[in-house]
>>> print(open('input.cif').read())   # mmCIF, C-alpha atoms
data_my_file
loop_
_atom_site.label_atom_id
_atom_site.label_comp_id
_atom_site.auth_asym_id
_atom_site.auth_seq_id
_atom_site.Cartn_x
_atom_site.Cartn_y
_atom_site.Cartn_z
CA MET V 24 0.00 0.00 0.00
CA PHE V 25 1.55 3.26 -1.19
CA ASP V 26 -1.73 5.12 -1.30
CA GLN V 27 -0.77 8.08 0.90
CA GLU V 28 2.81 9.05 0.14
CA PRO V 29 4.50 8.93 -3.27
CA ILE V 30 7.04 6.24 -4.06
CA GLN V 31 10.62 7.50 -3.76
CA GLN V 32 12.98 4.93 -5.24
CA HIS V 33 16.07 6.00 -3.29
CA LEU V 34 14.15 5.98 0.01
CA HIS V 35 11.95 2.92 -0.51
CA ARG V 36 14.41 0.58 -2.23
CA PRO V 37 15.00 -1.46 1.00
CA THR V 38 11.22 -1.95 1.34
CA PHE V 39 10.92 -3.16 -2.24
CA ASP V 40 13.93 -5.45 -1.73
CA ARG V 41 12.09 -7.14 1.14
CA ILE V 42 8.86 -7.35 -0.86
CA LYS V 43 10.67 -8.93 -3.78
CA ASN V 44 12.47 -11.45 -1.56
CA PHE V 45 9.27 -12.34 0.29
CA SER V 46 6.95 -12.63 -2.67
CA GLY V 47 8.82 -15.10 -4.85
CA THR V 48 6.40 -16.08 -7.60
CA LYS V 49 3.30 -14.81 -5.78
CA LYS V 50 1.00 -12.31 -7.43
CA LEU V 51 1.38 -8.83 -6.02
CA ALA V 52 -1.03 -5.89 -6.12
CA MET V 53 0.46 -2.46 -5.41
CA VAL V 54 -2.05 0.27 -4.53
CA THR V 55 -0.85 3.81 -5.17
CA SER V 56 -2.16 7.37 -5.23
CA GLU V 57 -0.12 8.45 -8.24
CA GLN V 58 -0.53 8.07 -11.99
CA TYR V 59 1.82 8.18 -14.99
CA SER V 60 4.67 7.76 -12.56
CA GLU V 61 8.23 6.77 -13.43
CA ALA V 62 8.66 5.63 -9.83
CA VAL V 63 5.63 3.32 -10.06
CA ASP V 64 6.87 1.95 -13.38
CA TRP V 65 10.19 1.11 -11.71
CA ALA V 66 8.46 -0.53 -8.71
CA GLU V 67 6.25 -2.63 -11.00
CA GLU V 68 9.21 -3.85 -13.01
CA PHE V 69 11.39 -4.45 -9.94
CA THR V 70 8.83 -6.42 -7.91
CA GLY V 71 6.60 -7.86 -10.63
CA ALA V 72 3.63 -6.21 -8.93
CA ARG V 73 0.72 -4.66 -10.79
CA GLN V 74 -0.33 -1.13 -9.95
CA PHE V 75 -3.86 -0.22 -8.88
CA TYR V 76 -4.72 3.44 -8.39
CA TYR V 77 -7.27 5.51 -6.52
CA PHE V 78 -7.21 9.16 -5.45
CA PHE V 79 -6.56 8.78 -1.72
CA HIS V 80 -5.99 12.50 -1.17
CA GLY V 81 -9.37 13.34 -2.66
CA TRP V 82 -10.93 11.19 0.07
CA ALA V 83 -8.70 12.78 2.71
CA ALA V 84 -9.79 16.27 1.66
CA LEU V 85 -13.49 15.32 1.69
CA ASP V 86 -13.04 13.98 5.23
CA TRP V 87 -10.84 16.73 6.66
CA TYR V 88 -12.68 19.69 5.12
CA ARG V 89 -16.25 18.50 5.64
CA GLY V 90 -18.63 20.94 7.29
CA TYR V 91 -16.84 24.14 6.34
CA ASN V 92 -19.57 24.79 3.78
CA ARG V 93 -21.98 25.07 6.71
CA SER V 94 -19.86 27.48 8.74
CA PHE V 95 -19.68 31.28 8.77
CA THR V 96 -15.90 31.66 8.68
CA MET V 97 -15.65 32.58 5.00
CA ALA V 98 -16.25 35.99 3.47
CA PRO V 99 -18.49 35.66 0.39
CA PRO V 100 -16.48 36.16 -2.82
CA GLU V 101 -18.48 39.20 -3.88
CA GLN V 102 -17.61 40.95 -0.57
CA ARG V 103 -13.86 40.40 -0.67
CA LYS V 104 -11.44 43.31 -1.07
CA ILE V 105 -8.33 42.03 -2.78
CA THR V 106 -5.18 43.79 -1.55
CA LYS V 107 -2.52 41.14 -2.20
CA THR V 108 -1.69 38.83 -5.07
CA PHE V 109 -1.19 35.49 -3.35
CA PHE V 110 -1.16 33.45 -0.16
CA SER V 111 1.68 30.90 0.13
CA PRO V 112 2.21 28.73 3.24
CA ASN V 113 5.56 26.95 3.51
CA ARG V 114 6.67 24.81 6.44
CA ILE V 115 8.71 21.75 5.45
CA ILE V 116 11.46 22.93 3.12
CA GLY V 117 13.92 20.03 3.42
CA GLY V 118 13.88 16.45 2.15
CA GLN V 119 12.04 16.11 -1.13
CA ARG V 120 10.69 19.68 -0.95
CA ARG V 121 13.51 21.59 -2.63
CA HIS V 122 10.94 23.10 -4.99
CA ARG V 123 9.76 25.22 -2.06
CA VAL V 124 13.27 26.57 -1.57
CA ALA V 125 13.43 27.30 -5.29
CA MET V 126 10.13 29.20 -5.12
CA LEU V 127 11.27 31.21 -2.08
CA TYR V 128 14.36 32.17 -4.07
CA HIS V 129 12.18 33.42 -6.93
CA PHE V 130 9.88 35.29 -4.55
CA GLN V 131 12.84 37.08 -2.96
CA LYS V 132 14.50 37.84 -6.29
CA LEU V 133 11.28 39.21 -7.79
CA GLY V 134 10.44 41.35 -4.76
CA LEU V 135 7.31 39.39 -3.82
CA MET V 136 8.16 38.53 -0.21
CA ASP V 137 7.01 41.78 1.40
CA THR V 138 3.86 42.37 -0.65
CA ASN V 139 2.13 39.00 -0.19
CA TRP V 140 1.13 36.58 2.55
CA ILE V 141 4.07 34.14 2.62
CA SER V 142 5.19 31.98 5.51
CA CYS V 143 8.53 30.17 5.63
CA PRO V 144 11.05 28.94 8.20
CA LYS V 145 14.73 29.79 8.15
CA VAL V 146 15.44 26.23 9.31
CA CYS V 147 13.41 23.20 8.23
CA PRO V 148 11.51 21.96 11.32
CA ILE V 149 11.93 18.33 10.21
CA GLU V 150 15.53 18.12 8.97
CA GLY V 151 17.11 21.01 10.86
CA TRP V 152 18.81 22.41 7.74
CA ASP V 153 18.65 26.10 6.91
CA LEU V 154 17.66 27.50 3.54
CA GLU V 155 21.17 28.02 2.24
CA ASN V 156 22.41 24.58 3.26
CA ILE V 157 19.34 22.93 1.74
CA ALA V 158 20.13 24.69 -1.53
CA ILE V 159 23.74 23.47 -1.39
CA LYS V 160 22.80 19.95 -0.27
CA GLN V 161 20.14 19.64 -2.95
CA LYS V 162 22.43 21.14 -5.63
CA LEU V 163 20.07 24.01 -6.38
CA GLU V 164 23.09 26.26 -6.91
CA LEU V 165 23.81 24.34 -10.11
CA LYS V 166 20.52 25.61 -11.52
CA HIS V 167 20.72 29.18 -10.22
CA VAL V 168 24.20 30.43 -9.45
CA ASP V 169 22.88 33.39 -7.43
CA ILE V 170 20.37 31.44 -5.35
CA ILE V 171 22.39 31.52 -2.11
CA LYS V 172 22.67 35.31 -2.16
CA TYR V 173 18.89 35.70 -2.26
CA LEU V 174 18.15 32.94 0.25
CA GLN V 175 20.47 34.61 2.76
CA GLN V 176 18.23 37.68 2.63
CA ILE V 177 15.10 35.77 3.73
CA GLU V 178 14.06 35.98 7.35
CA PRO V 179 11.58 33.52 8.97
CA ARG V 180 8.00 34.51 8.29
CA THR V 181 4.75 33.55 9.99
CA PHE V 182 1.16 34.57 9.49
CA PRO V 183 -0.56 36.84 12.06
CA GLY V 184 -1.16 35.10 15.38
CA GLU V 185 1.40 32.35 14.77
CA GLU V 186 4.58 31.82 16.76
CA THR V 187 5.97 29.39 14.21
CA GLN V 188 4.98 27.99 10.84
CA THR V 189 2.05 25.70 11.61
CA MET V 190 1.01 22.27 10.36
CA SER V 191 -2.61 22.45 9.19
CA SER V 192 -3.08 19.75 6.55
CA TYR V 193 -6.22 18.46 8.22
CA HIS V 194 -8.07 21.76 8.60
CA LEU V 195 -8.57 25.13 6.94
CA THR V 196 -6.99 28.24 8.41
CA ASN V 197 -6.05 31.88 7.76
CA TRP V 198 -9.48 32.94 6.59
CA GLN V 199 -8.72 36.66 6.77
CA GLU V 200 -5.38 36.37 4.97
CA THR V 201 -6.76 34.22 2.17
CA ALA V 202 -9.71 36.58 1.73
CA ASP V 203 -7.21 39.40 1.08
CA CYS V 204 -5.59 37.56 -1.83
CA LEU V 205 -6.31 37.10 -5.49
CA LEU V 206 -5.15 33.48 -5.37
CA TYR V 207 -3.67 30.68 -3.31
CA HIS V 208 -0.19 29.49 -4.30
CA VAL V 209 -0.18 25.75 -3.61
CA SER V 210 3.29 24.28 -3.14
CA GLU V 211 2.54 20.60 -3.47
CA THR V 212 4.29 17.68 -1.77
CA VAL V 213 5.76 16.54 -5.09
CA ALA V 214 6.79 18.94 -7.85
CA GLU V 215 9.61 17.16 -9.68
CA GLY V 216 9.80 14.22 -12.03
CA GLN V 217 7.19 12.48 -14.14
CA ARG V 218 4.09 11.65 -12.11
CA TRP V 219 0.64 12.92 -11.23
CA HIS V 220 0.33 13.18 -7.46
CA LEU V 221 -1.81 15.84 -5.81
CA THR V 222 -2.63 16.03 -2.10
CA GLU V 223 -5.17 17.71 0.13
CA LYS V 224 -3.19 20.96 -0.27
CA THR V 225 -4.69 21.56 -3.70
CA PHE V 226 -8.22 21.36 -2.28
CA LYS V 227 -7.67 24.09 0.32
CA PRO V 228 -8.22 26.99 -2.10
CA ILE V 229 -11.19 25.17 -3.61
CA CYS V 230 -12.79 24.93 -0.16
CA GLN V 231 -11.89 28.54 0.66
CA LYS V 232 -13.35 29.83 -2.62
CA MET V 233 -10.05 30.96 -4.05
CA PRO V 234 -8.37 30.73 -7.43
CA PHE V 235 -5.06 28.84 -7.36
CA VAL V 236 -1.71 28.38 -9.02
CA LEU V 237 0.18 25.11 -8.47
CA THR V 238 3.85 24.46 -7.97
CA ALA V 239 3.52 20.78 -8.76
CA THR V 240 4.51 18.22 -11.39
CA GLN V 241 3.88 18.75 -15.08
CA GLY V 242 0.22 18.21 -15.99
CA SER V 243 -1.18 18.66 -12.48
CA LEU V 244 -3.87 21.10 -13.64
CA GLU V 245 -4.89 18.60 -16.31
CA TYR V 246 -5.01 15.90 -13.60
CA LEU V 247 -7.35 18.05 -11.52
CA ARG V 248 -9.60 18.78 -14.49
CA GLU V 249 -10.03 15.05 -15.06
CA TYR V 250 -11.96 14.99 -11.76
CA GLY V 251 -14.38 17.66 -12.92
CA PHE V 252 -12.70 20.76 -11.50
CA LYS V 253 -12.04 23.87 -13.57
CA THR V 254 -8.86 25.93 -13.68
CA PHE V 255 -8.17 29.53 -14.68
CA SER V 256 -6.75 29.56 -18.20
CA SER V 257 -9.51 31.97 -19.26
CA VAL V 258 -8.20 34.54 -16.75
CA TRP V 259 -4.39 34.07 -16.80
CA ASP V 260 -1.71 32.03 -18.52
CA GLU V 261 -1.58 28.40 -17.30
CA SER V 262 1.01 27.22 -19.82
CA TYR V 263 3.40 26.56 -16.93
CA ASP V 264 1.49 23.31 -16.38
CA GLU V 265 2.73 22.01 -19.73
CA GLU V 266 6.42 22.79 -19.14
CA PRO V 267 8.44 19.54 -18.80
CA ASP V 268 11.54 21.12 -17.22
CA ASP V 269 10.85 21.30 -13.50
CA PHE V 270 12.95 24.35 -12.65
CA LYS V 271 11.74 26.20 -15.72
CA ARG V 272 8.16 25.46 -14.62
CA PHE V 273 8.86 26.87 -11.14
CA GLU V 274 10.27 30.03 -12.72
CA MET V 275 7.19 30.36 -14.95
CA VAL V 276 4.92 30.14 -11.88
CA ALA V 277 6.92 32.86 -10.11
CA ASN V 278 6.89 35.10 -13.19
CA LEU V 279 3.13 34.65 -13.52
CA LEU V 280 2.66 35.76 -9.91
CA LYS V 281 4.91 38.76 -10.53
CA ASP V 282 2.90 39.68 -13.63
CA LEU V 283 -0.40 39.45 -11.76
CA GLU V 284 1.00 41.79 -9.11
CA SER V 285 0.79 44.72 -11.54
CA GLN V 286 -2.74 44.01 -12.76
CA ASP V 287 -6.19 44.93 -11.42
CA ARG V 288 -6.43 42.08 -8.93
CA GLN V 289 -9.97 42.89 -7.84
CA ALA V 290 -11.17 42.67 -11.44
CA LEU V 291 -9.25 39.44 -11.98
CA TYR V 292 -10.77 37.89 -8.88
CA GLU V 293 -14.27 38.83 -9.97
CA LYS V 294 -13.63 37.12 -13.33
CA CYS V 295 -12.70 33.99 -11.40
CA ILE V 296 -15.89 33.82 -9.32
CA PRO V 297 -17.88 31.52 -11.67
CA ILE V 298 -14.98 29.02 -11.68
CA ILE V 299 -14.57 29.34 -7.91
CA GLU V 300 -18.26 28.60 -7.36
CA HIS V 301 -18.19 25.63 -9.73
CA ASN V 302 -15.22 24.07 -7.93
CA TYR V 303 -16.72 24.69 -4.49
CA ASN V 304 -20.06 23.16 -5.47
CA HIS V 305 -18.37 20.25 -7.23
CA PHE V 306 -16.41 19.46 -4.05
CA TYR V 307 -19.20 19.96 -1.50
CA GLY V 308 -22.19 19.04 -3.68
CA GLY V 309 -21.42 15.33 -4.00
CA GLU V 310 -20.28 15.08 -7.63
CA PHE V 311 -16.59 14.76 -6.76
CA GLU V 312 -17.42 12.09 -4.18
CA LYS V 313 -19.42 10.12 -6.77
CA LEU V 314 -16.42 10.12 -9.08
CA LEU V 315 -14.20 8.89 -6.26
CA TRP V 316 -16.66 6.12 -5.33
CA ASN V 317 -16.84 4.89 -8.91
CA GLU V 318 -13.07 4.93 -9.16
CA LEU V 319 -12.60 3.09 -5.85
CA GLU V 320 -15.20 0.44 -6.64
CA GLY V 321 -13.67 -0.06 -10.07
CA MET V 322 -10.22 -0.49 -8.55
CA LEU V 323 -11.47 -3.10 -6.06
CA GLU V 324 -13.20 -5.01 -8.86
CA ASP V 325 -9.98 -4.94 -10.88
CA ILE V 326 -7.99 -6.26 -7.92
CA ASN V 327 -10.53 -9.04 -7.41
CA ASP V 328 -10.31 -9.99 -11.08
CA TYR V 329 -6.52 -9.89 -10.93
CA PHE V 330 -6.32 -12.37 -8.09
CA SER V 331 -9.16 -14.49 -9.48
CA ASN V 332 -7.34 -14.84 -12.82
CA ARG V 333 -10.29 -13.36 -14.67
#
>>> encode(input="input.cif", output="structure tokens")
Amino acid sequence: MFDQEPIQQHLHRPTFDRIKNFSGTKKLAMVTSEQYSEAVDWAEEFTGARQFYYFFHGWAALDWYRGYNRSFTMAPPEQRKITKTFFSPNRIIGGQRRHRVAMLYHFQKLGLMDTNWISCPKVCPIEGWDLENIAIKQKLELKHVDIIKYLQQIEPRTFPGEETQTMSSYHLTNWQETADCLLYHVSETVAEGQRWHLTEKTFKPICQKMPFVLTATQGSLEYLREYGFKTFSSVWDESYDEEPDDFKRFEMVANLLKDLESQDRQALYEKCIPIIEHNYNHFYGGEFEKLLWNELEGMLEDINDYFSNR
């Protein structure tokens, strides 16, 4: 079962070694939450297992964010006064999250840090590495020779009322800050390599009635649209989603945010309202859940057929 976290070959190789040694000639089913994944292809070939997929994080979001549509914490879209371009929470910056360090570099270089709601630590709370050492350790300086200079200028940032960058995957927060912003910048768990893997993070702006831009793997907006959600290509340029080079894609996202900074953000937000309402109703109105049920039931039937030799 790899249905919650993505497969990382260099981290999970010992696990797959044990699976391979244990299984022998037995049939193996491997359940994942990622599609079109080079890592899954490797695991299938290495172990002889067959992949079966369902969207675990869609279920997690439906569970964790239930009931917010019946609360009074959210300002109606038509009443919002947009004063900032984007909201961007960042907590874990080490490990497999070097894309977040890359985005913080772009934000600092483009002058976006002081004009938007951005949180970030100076030191990763999980690994204990600071921004500059993460960049060196993860070889980001090979992509951007001036990255260290800009990262050294970044001070730790929290949102109002926080003493440190908070973990809030399982609930929705910062209602006032998000209501100030044109869009939510989602920095996903995975943003490099070939795979589709979105988490509950992408559903936060949907549930808070916000437009969004994703720092994620290539094709992630297309992935989301396959589940009935709409994105914002009619309002701004979403060609970043098609860019195969990861670091070029991150730069395109940052440049888009910089470009939106100089536009009439209130007017842009108002153009987004029909899409916002569609996504919110699709999530809370039951249609998304129906798609997930059909997918899950289909996967279980396929697993049953696989082991029944049908």
>>> resolve_selection(input="input.cif", expression="the PyMOL selection byres ((chain V and resi 242-259) around 8)", output="list in words")
Trp219, His220, Leu221, Pro234, Phe235, Leu237, Ala239, Thr240, Gln241, Asp260, Glu261, Asp264, Glu265, Leu291, Lys294, Cys295, Ile298, His301, Asn302, His305, Phe311 and Leu314 of chain V
>>> write_last_selection(input="input.cif", atoms="C-alpha atoms", output="compact mmCIF listing (two decimals), keeping the file's coordinate frame")
# COMPACT_ATOMS: atom_id res chain seq x y z
CA TRP V 219 0.64 12.92 -11.23
CA HIS V 220 0.33 13.18 -7.46
CA LEU V 221 -1.81 15.84 -5.81
CA PRO V 234 -8.37 30.73 -7.43
CA PHE V 235 -5.06 28.84 -7.36
CA LEU V 237 0.18 25.11 -8.47
CA ALA V 239 3.52 20.78 -8.76
CA THR V 240 4.51 18.22 -11.39
CA GLN V 241 3.88 18.75 -15.08
CA ASP V 260 -1.71 32.03 -18.52
CA GLU V 261 -1.58 28.40 -17.30
CA ASP V 264 1.49 23.31 -16.38
CA GLU V 265 2.73 22.01 -19.73
CA LEU V 291 -9.25 39.44 -11.98
CA LYS V 294 -13.63 37.12 -13.33
CA CYS V 295 -12.70 33.99 -11.40
CA ILE V 298 -14.98 29.02 -11.68
CA HIS V 301 -18.19 25.63 -9.73
CA ASN V 302 -15.22 24.07 -7.93
CA HIS V 305 -18.37 20.25 -7.23
CA PHE V 311 -16.59 14.76 -6.76
CA LEU V 314 -16.42 10.12 -9.08
>>> atom_distance(input="input.cif", atom1="CA of Leu315 (chain V)", atom2="CA of Asp26 (chain V)")
13.9 Å
>>> residues_near_point(input="input.cif", point="(9.1, 27.7, -12.3)", cutoff="12 Å", atoms="only C-alpha atoms", output="ChimeraX atom specification")
/V:122-130,166-167,210,214-215,236-241,261-281
>>> closest_residue(input="input.cif", among="V:Lys227, V:Met53, V:Tyr173, V:Asn139", to="Ile105 (chain V)", atoms="only C-alpha atoms")
V:Asn139
>>> residues_around(input="input.cif", residues="Asn197 (chain V)", least_positions_apart="2", cutoff="12 Å", atoms="all atoms listed in the file", output="PyMOL selection string")
chain V and resi 96-98+110-112+140-142+181-185+189+191+194-195+199-204+207+227-228+231
>>> atom_distance(input="input.cif", atom1="CA of Pro144 (chain V)", atom2="CA of Lys224 (chain V)")
18.4 Å
>>> atom_distance(input="input.cif", atom1="CA of Tyr76 (chain V)", atom2="CA of Glu28 (chain V)")
12.7 Å
>>> residues_around(input="input.cif", residues="region 326-328 of chain V", least_positions_apart="6", cutoff="12 Å", atoms="all atoms listed in the file", output="mmCIF file with C-alpha atoms, in the frame of the given file")
data_model
loop_
_atom_site.group_PDB
_atom_site.id
_atom_site.type_symbol
_atom_site.label_atom_id
_atom_site.label_comp_id
_atom_site.auth_asym_id
_atom_site.auth_seq_id
_atom_site.Cartn_x
_atom_site.Cartn_y
_atom_site.Cartn_z
ATOM 1 C CA LYS V 50 1.000 -12.310 -7.430
ATOM 2 C CA LEU V 51 1.380 -8.830 -6.020
ATOM 3 C CA ALA V 52 -1.030 -5.890 -6.120
ATOM 4 C CA MET V 53 0.460 -2.460 -5.410
ATOM 5 C CA VAL V 54 -2.050 0.270 -4.530
ATOM 6 C CA ALA V 72 3.630 -6.210 -8.930
ATOM 7 C CA ARG V 73 0.720 -4.660 -10.790
ATOM 8 C CA GLN V 74 -0.330 -1.130 -9.950
ATOM 9 C CA PHE V 75 -3.860 -0.220 -8.880
ATOM 10 C CA TYR V 76 -4.720 3.440 -8.390
ATOM 11 C CA TYR V 77 -7.270 5.510 -6.520
ATOM 12 C CA LEU V 319 -12.600 3.090 -5.850
ATOM 13 C CA GLU V 320 -15.200 0.440 -6.640
#
>>> residues_around(input="input.cif", residues="Ser60 (chain V)", least_positions_apart="3", cutoff="6 Å", atoms="all atoms listed in the file", output="list in words")
Val63, Gln217 and Arg218 of chain V
>>> closest_residue(input="input.cif", among="V:Asn317, V:Gln131, V:Ser285, V:Thr212", to="Gln27 (chain V)", atoms="all atoms listed in the file")
V:Thr212
>>> closest_residue(input="input.cif", among="V:Phe306, V:Trp152, V:Trp65, V:Phe330", to="Trp82 (chain V)", atoms="all atoms listed in the file")
V:Phe306
>>> closest_residue(input="input.cif", among="V:Tyr307, V:Phe109, V:Ala66, V:Cys230", to="Val209 (chain V)", atoms="only C-alpha atoms")
V:Phe109
>>> closest_residue(input="input.cif", among="V:Ala84, V:Met136, V:Ile296, V:Met322", to="Ser192 (chain V)", atoms="only C-alpha atoms")
V:Ala84
>>> axis_aligned_box(input="input.cif", around="region 110-119 of chain V", padding_each_side="5 Å", output="AutoDock Vina command-line options")
--center_x 6.4 --center_y 24.8 --center_z 2.7 --size_x 25.1 --size_y 27.3 --size_z 17.6
>>> closest_residue(input="input.cif", among="V:Glu284, V:Asp40, V:Asp325, V:Glu61", to="Gly216 (chain V)", atoms="all atoms listed in the file")
V:Glu61
